[in-house]
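Peer 1: Take this structure, written in structure tokens, and hold onto it; I'll ask about it next.
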Amino acid sequence: MRSINDISGLIVDAAFRVHVAVGPGLFESVYEALMEHELKKLGLRVERQVMVPLEYEGLRFDEAFRADMIVDERIIVELKSVVEVHPIYKKQLLTYLKLTGLSLGLLINFGADRIKDGVFRVANQLKED
């Protein structure tokens with residue numbers, strides 16, 4: 001079984017390959033499809049546009065948020081194609097991690113000139129495995 005850090009490394013490598021191949025400026029949905037293709041080639045399980053419910057004081061909201069991707073049921077991947085990553089995106093990802101109980105998320109901005117400047121790791125009580 002791959003460690004969570006190994007999986008996150010594979011995700012970042014896939015993002016690099018996609019960014020080099022097609023560059024910045026496309027819709028997020030295009031990057032999402034390309035990432036799914038790359039990750040599945042590596043044998044990773046990928047779910048796209050996963051609806052995540054929220055329960056609050058007895059109320060259930062079936063569509064509290066939609067995760068762009070969940071990889072191997074362990075890592076949330078949020079994709080952006082923007083000029084600048086606003087701090088709220090990282091806060092949202094941390095909230096998503098707390099709501100799902102997952103410990104690691106990657107925010108990947110394909111709008112960056114260099115993909116290494118567009119990858120952000122967000123952890124929620126991450127325990128190395």
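Each chain of the structure tokens is named A, B, ... in the order shown, its residues numbered from 1; ligands are numbered from 1 in display order.
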From a DSSP pass on the backbone, collect the residues of chain A flagged as helix (DSSP H, G or I) and hand them back as JSON, numbers by chain.
Peer 2: {"A": [4, 5, 6, 7, 8, 9, 10, 11, 12, 13, 14, 15, 16, 17, 18, 19, 20, 21, 22, 28, 29, 30, 31, 32, 33, 34, 35, 36, 37, 38, 39, 40, 41, 87, 88, 89, 90, 91, 92, 93, 94, 95, 96, 97, 98, 99, 100, 115, 116, 117, 118]}
Peer 1: Write out as JSON lines a residue-level contact list of segment 16-78 of chain A versus segment 86-106 of chain A with cut-off 7 Å: for each qualifying residue the closest pair of atoms and the distance in Å to one decimal, counting only C-alpha atoms, rows sorted by chain and residue number upward.
Peer 2:
{"residue": "A:Arg74", "atom": "CA", "partner": "A:Leu102", "partner_atom": "CA", "distance": 6.1}
{"residue": "A:Ile75", "atom": "CA", "partner": "A:Leu104", "partner_atom": "CA", "distance": 5.3}
{"residue": "A:Ile76", "atom": "CA", "partner": "A:Gly105", "partner_atom": "CA", "distance": 4.6}
{"residue": "A:Val77", "atom": "CA", "partner": "A:Leu106", "partner_atom": "CA", "distance": 4.8}
{"residue": "A:Glu78", "atom": "CA", "partner": "A:Leu106", "partner_atom": "CA", "distance": 6.2}
Peer 1: Restricting it to N, CA and C atoms, dump the selection as a PDB file, in the first residue's frame.
Peer 2:
ATOM      1  N   ARG A  74      -8.214   9.118   0.016  1.00  0.00           N
ATOM      2  CA  ARG A  74      -7.352   9.652   1.068  1.00  0.00           C
ATOM      3  C   ARG A  74      -6.968  11.108   0.903  1.00  0.00           C
ATOM      4  N   ILE A  75      -6.951  11.604  -0.330  1.00  0.00           N
ATOM      5  CA  ILE A  75      -6.466  12.961  -0.578  1.00  0.00           C
ATOM      6  C   ILE A  75      -7.500  13.731  -1.398  1.00  0.00           C
ATOM      7  N   ILE A  76      -7.870  14.903  -0.901  1.00  0.00           N
ATOM      8  CA  ILE A  76      -8.731  15.793  -1.676  1.00  0.00           C
ATOM      9  C   ILE A  76      -7.833  16.650  -2.560  1.00  0.00           C
ATOM     10  N   VAL A  77      -8.187  16.731  -3.837  1.00  0.00           N
ATOM     11  CA  VAL A  77      -7.445  17.569  -4.772  1.00  0.00           C
ATOM     12  C   VAL A  77      -8.411  18.633  -5.295  1.00  0.00           C
ATOM     13  N   GLU A  78      -8.078  19.875  -5.011  1.00  0.00           N
ATOM     14  CA  GLU A  78      -8.868  20.996  -5.503  1.00  0.00           C
ATOM     15  C   GLU A  78      -8.079  21.680  -6.607  1.00  0.00           C
TER      16      GLU A  78
END
Peer 1: If we count only C-alpha atoms and set the cut-off at 12 Å, which residues sit around Gly111 of chain A, ignoring sequence neighbours fewer than 6 positions away in its own chain? Please answer as a PyMOL selection string.
Peer 2: chain A and resi 15+19+22-28+31+79-85+117-119
Peer 1: I need the chosen residues saved as a PDB file, in the first residue's frame, with N, CA and C atoms.
Peer 2:
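Writing done, so here's selection-v9.pdb:
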ATOM      1  N   ALA A  15       0.374  16.547 -12.155  1.00  0.00           N
ATOM      2  CA  ALA A  15       0.045  17.947 -12.435  1.00  0.00           C
ATOM      3  C   ALA A  15       1.146  18.600 -13.264  1.00  0.00           C
ATOM      4  N   HIS A  19       0.595  20.208 -16.921  1.00  0.00           N
ATOM      5  CA  HIS A  19       0.912  21.627 -17.122  1.00  0.00           C
ATOM      6  C   HIS A  19       1.925  21.809 -18.245  1.00  0.00           C
ATOM      7  N   VAL A  22      -0.020  21.057 -21.707  1.00  0.00           N
ATOM      8  CA  VAL A  22      -1.071  21.943 -22.230  1.00  0.00           C
ATOM      9  C   VAL A  22      -0.953  23.388 -21.768  1.00  0.00           C
ATOM     10  N   GLY A  23      -0.142  23.653 -20.749  1.00  0.00           N
ATOM     11  CA  GLY A  23       0.071  25.011 -20.279  1.00  0.00           C
ATOM     12  C   GLY A  23      -1.088  25.567 -19.470  1.00  0.00           C
ATOM     13  N   PRO A  24      -0.962  26.826 -19.051  1.00  0.00           N
ATOM     14  CA  PRO A  24      -2.016  27.476 -18.263  1.00  0.00           C
ATOM     15  C   PRO A  24      -3.113  28.031 -19.170  1.00  0.00           C
ATOM     16  N   GLY A  25      -4.262  28.341 -18.559  1.00  0.00           N
ATOM     17  CA  GLY A  25      -5.286  29.074 -19.275  1.00  0.00           C
ATOM     18  C   GLY A  25      -6.524  28.310 -19.689  1.00  0.00           C
ATOM     19  N   LEU A  26      -6.563  27.008 -19.452  1.00  0.00           N
ATOM     20  CA  LEU A  26      -7.750  26.228 -19.807  1.00  0.00           C
ATOM     21  C   LEU A  26      -8.742  26.235 -18.651  1.00  0.00           C
ATOM     22  N   PHE A  27      -9.948  25.756 -18.906  1.00  0.00           N
ATOM     23  CA  PHE A  27     -10.944  25.622 -17.851  1.00  0.00           C
ATOM     24  C   PHE A  27     -10.514  24.567 -16.849  1.00  0.00           C
ATOM     25  N   GLU A  28     -10.928  24.747 -15.603  1.00  0.00           N
ATOM     26  CA  GLU A  28     -10.613  23.777 -14.554  1.00  0.00           C
ATOM     27  C   GLU A  28     -11.108  22.384 -14.922  1.00  0.00           C
ATOM     28  N   TYR A  31      -8.538  20.480 -16.947  1.00  0.00           N
ATOM     29  CA  TYR A  31      -7.438  19.983 -16.114  1.00  0.00           C
ATOM     30  C   TYR A  31      -7.894  18.799 -15.267  1.00  0.00           C
ATOM     31  N   LEU A  79      -8.714  21.858  -7.740  1.00  0.00           N
ATOM     32  CA  LEU A  79      -8.044  22.421  -8.898  1.00  0.00           C
ATOM     33  C   LEU A  79      -8.535  23.838  -9.176  1.00  0.00           C
ATOM     34  N   LYS A  80      -7.606  24.684  -9.532  1.00  0.00           N
ATOM     35  CA  LYS A  80      -7.910  26.059  -9.908  1.00  0.00           C
ATOM     36  C   LYS A  80      -7.189  26.377 -11.204  1.00  0.00           C
ATOM     37  N   SER A  81      -7.709  27.384 -11.897  1.00  0.00           N
ATOM     38  CA  SER A  81      -7.045  27.923 -13.083  1.00  0.00           C
ATOM     39  C   SER A  81      -7.221  29.437 -13.004  1.00  0.00           C
ATOM     40  N   VAL A  82      -6.474  30.026 -12.074  1.00  0.00           N
ATOM     41  CA  VAL A  82      -6.621  31.446 -11.766  1.00  0.00           C
ATOM     42  C   VAL A  82      -5.255  32.132 -11.793  1.00  0.00           C
ATOM     43  N   VAL A  83      -5.283  33.454 -11.899  1.00  0.00           N
ATOM     44  CA  VAL A  83      -4.041  34.229 -11.913  1.00  0.00           C
ATOM     45  C   VAL A  83      -3.373  34.192 -10.551  1.00  0.00           C
ATOM     46  N   GLU A  84      -4.183  34.293  -9.497  1.00  0.00           N
ATOM     47  CA  GLU A  84      -3.643  34.359  -8.143  1.00  0.00           C
ATOM     48  C   GLU A  84      -4.452  33.463  -7.207  1.00  0.00           C
ATOM     49  N   VAL A  85      -3.766  32.742  -6.350  1.00  0.00           N
ATOM     50  CA  VAL A  85      -4.435  31.891  -5.360  1.00  0.00           C
ATOM     51  C   VAL A  85      -4.742  32.739  -4.134  1.00  0.00           C
ATOM     52  N   ASP A 117       4.919  26.697  -8.519  1.00  0.00           N
ATOM     53  CA  ASP A 117       4.427  27.853  -7.775  1.00  0.00           C
ATOM     54  C   ASP A 117       2.924  27.775  -7.522  1.00  0.00           C
ATOM     55  N   GLY A 118       2.271  26.775  -8.094  1.00  0.00           N
ATOM     56  CA  GLY A 118       0.827  26.658  -7.977  1.00  0.00           C
ATOM     57  C   GLY A 118       0.358  25.470  -7.166  1.00  0.00           C
ATOM     58  N   VAL A 119       1.263  24.797  -6.475  1.00  0.00           N
ATOM     59  CA  VAL A 119       0.888  23.615  -5.684  1.00  0.00           C
ATOM     60  C   VAL A 119       0.999  23.943  -4.200  1.00  0.00           C
TER      61      VAL A 119
END
Peer 1: Report the distance between atom CA of Val46 of chain A and atom CA of Ile70 of chain A in Å, rounded to one decimal place.
Peer 2: 5.9 Å
Peer 1: Could you work out how far atom CA of Val122 of chain A lies from atom CA of Gly58 of chain A, giving the answer in Å with one decimal?
Peer 2: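 Between these atoms lies a distance of 29.0 Å.
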Peer 1: Choose the residue, out of A:Asp62, A:Asp113, A:Lys41, A:Asp72, that has the smallest atom-to-atom separation from Ser3 of chain A; count only C-alpha atoms.
Peer 2: A:Asp72
Peer 1: Per DSSP on the backbone, filter segment 19-77 of chain A down to the residues in strand (DSSP E) and report them as a count of residues only.
Peer 2: 27
Peer 1: Looking at only C-alpha atoms, which of A:Leu107, A:Ala33, A:Ala64, A:Ile115 is the one that sits closest to Asp13 of chain A?
Peer 2: A:Ile115
Peer 1: For Leu44 of chain A, find every residue with an atom within 10 Å (counting only C-alpha atoms), except residues of its own chain fewer than 5 positions away, and show them as a ChimeraX atom specification.
Peer 2: /A:2,7,10-11,36-39,71-73
Peer 1: Work out how far apart atom CA of Glu47 of chain A and atom CA of Val12 of chain A are and give it in Å to one decimal.
Peer 2: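 Distance between the two atoms: 16.8 Å.
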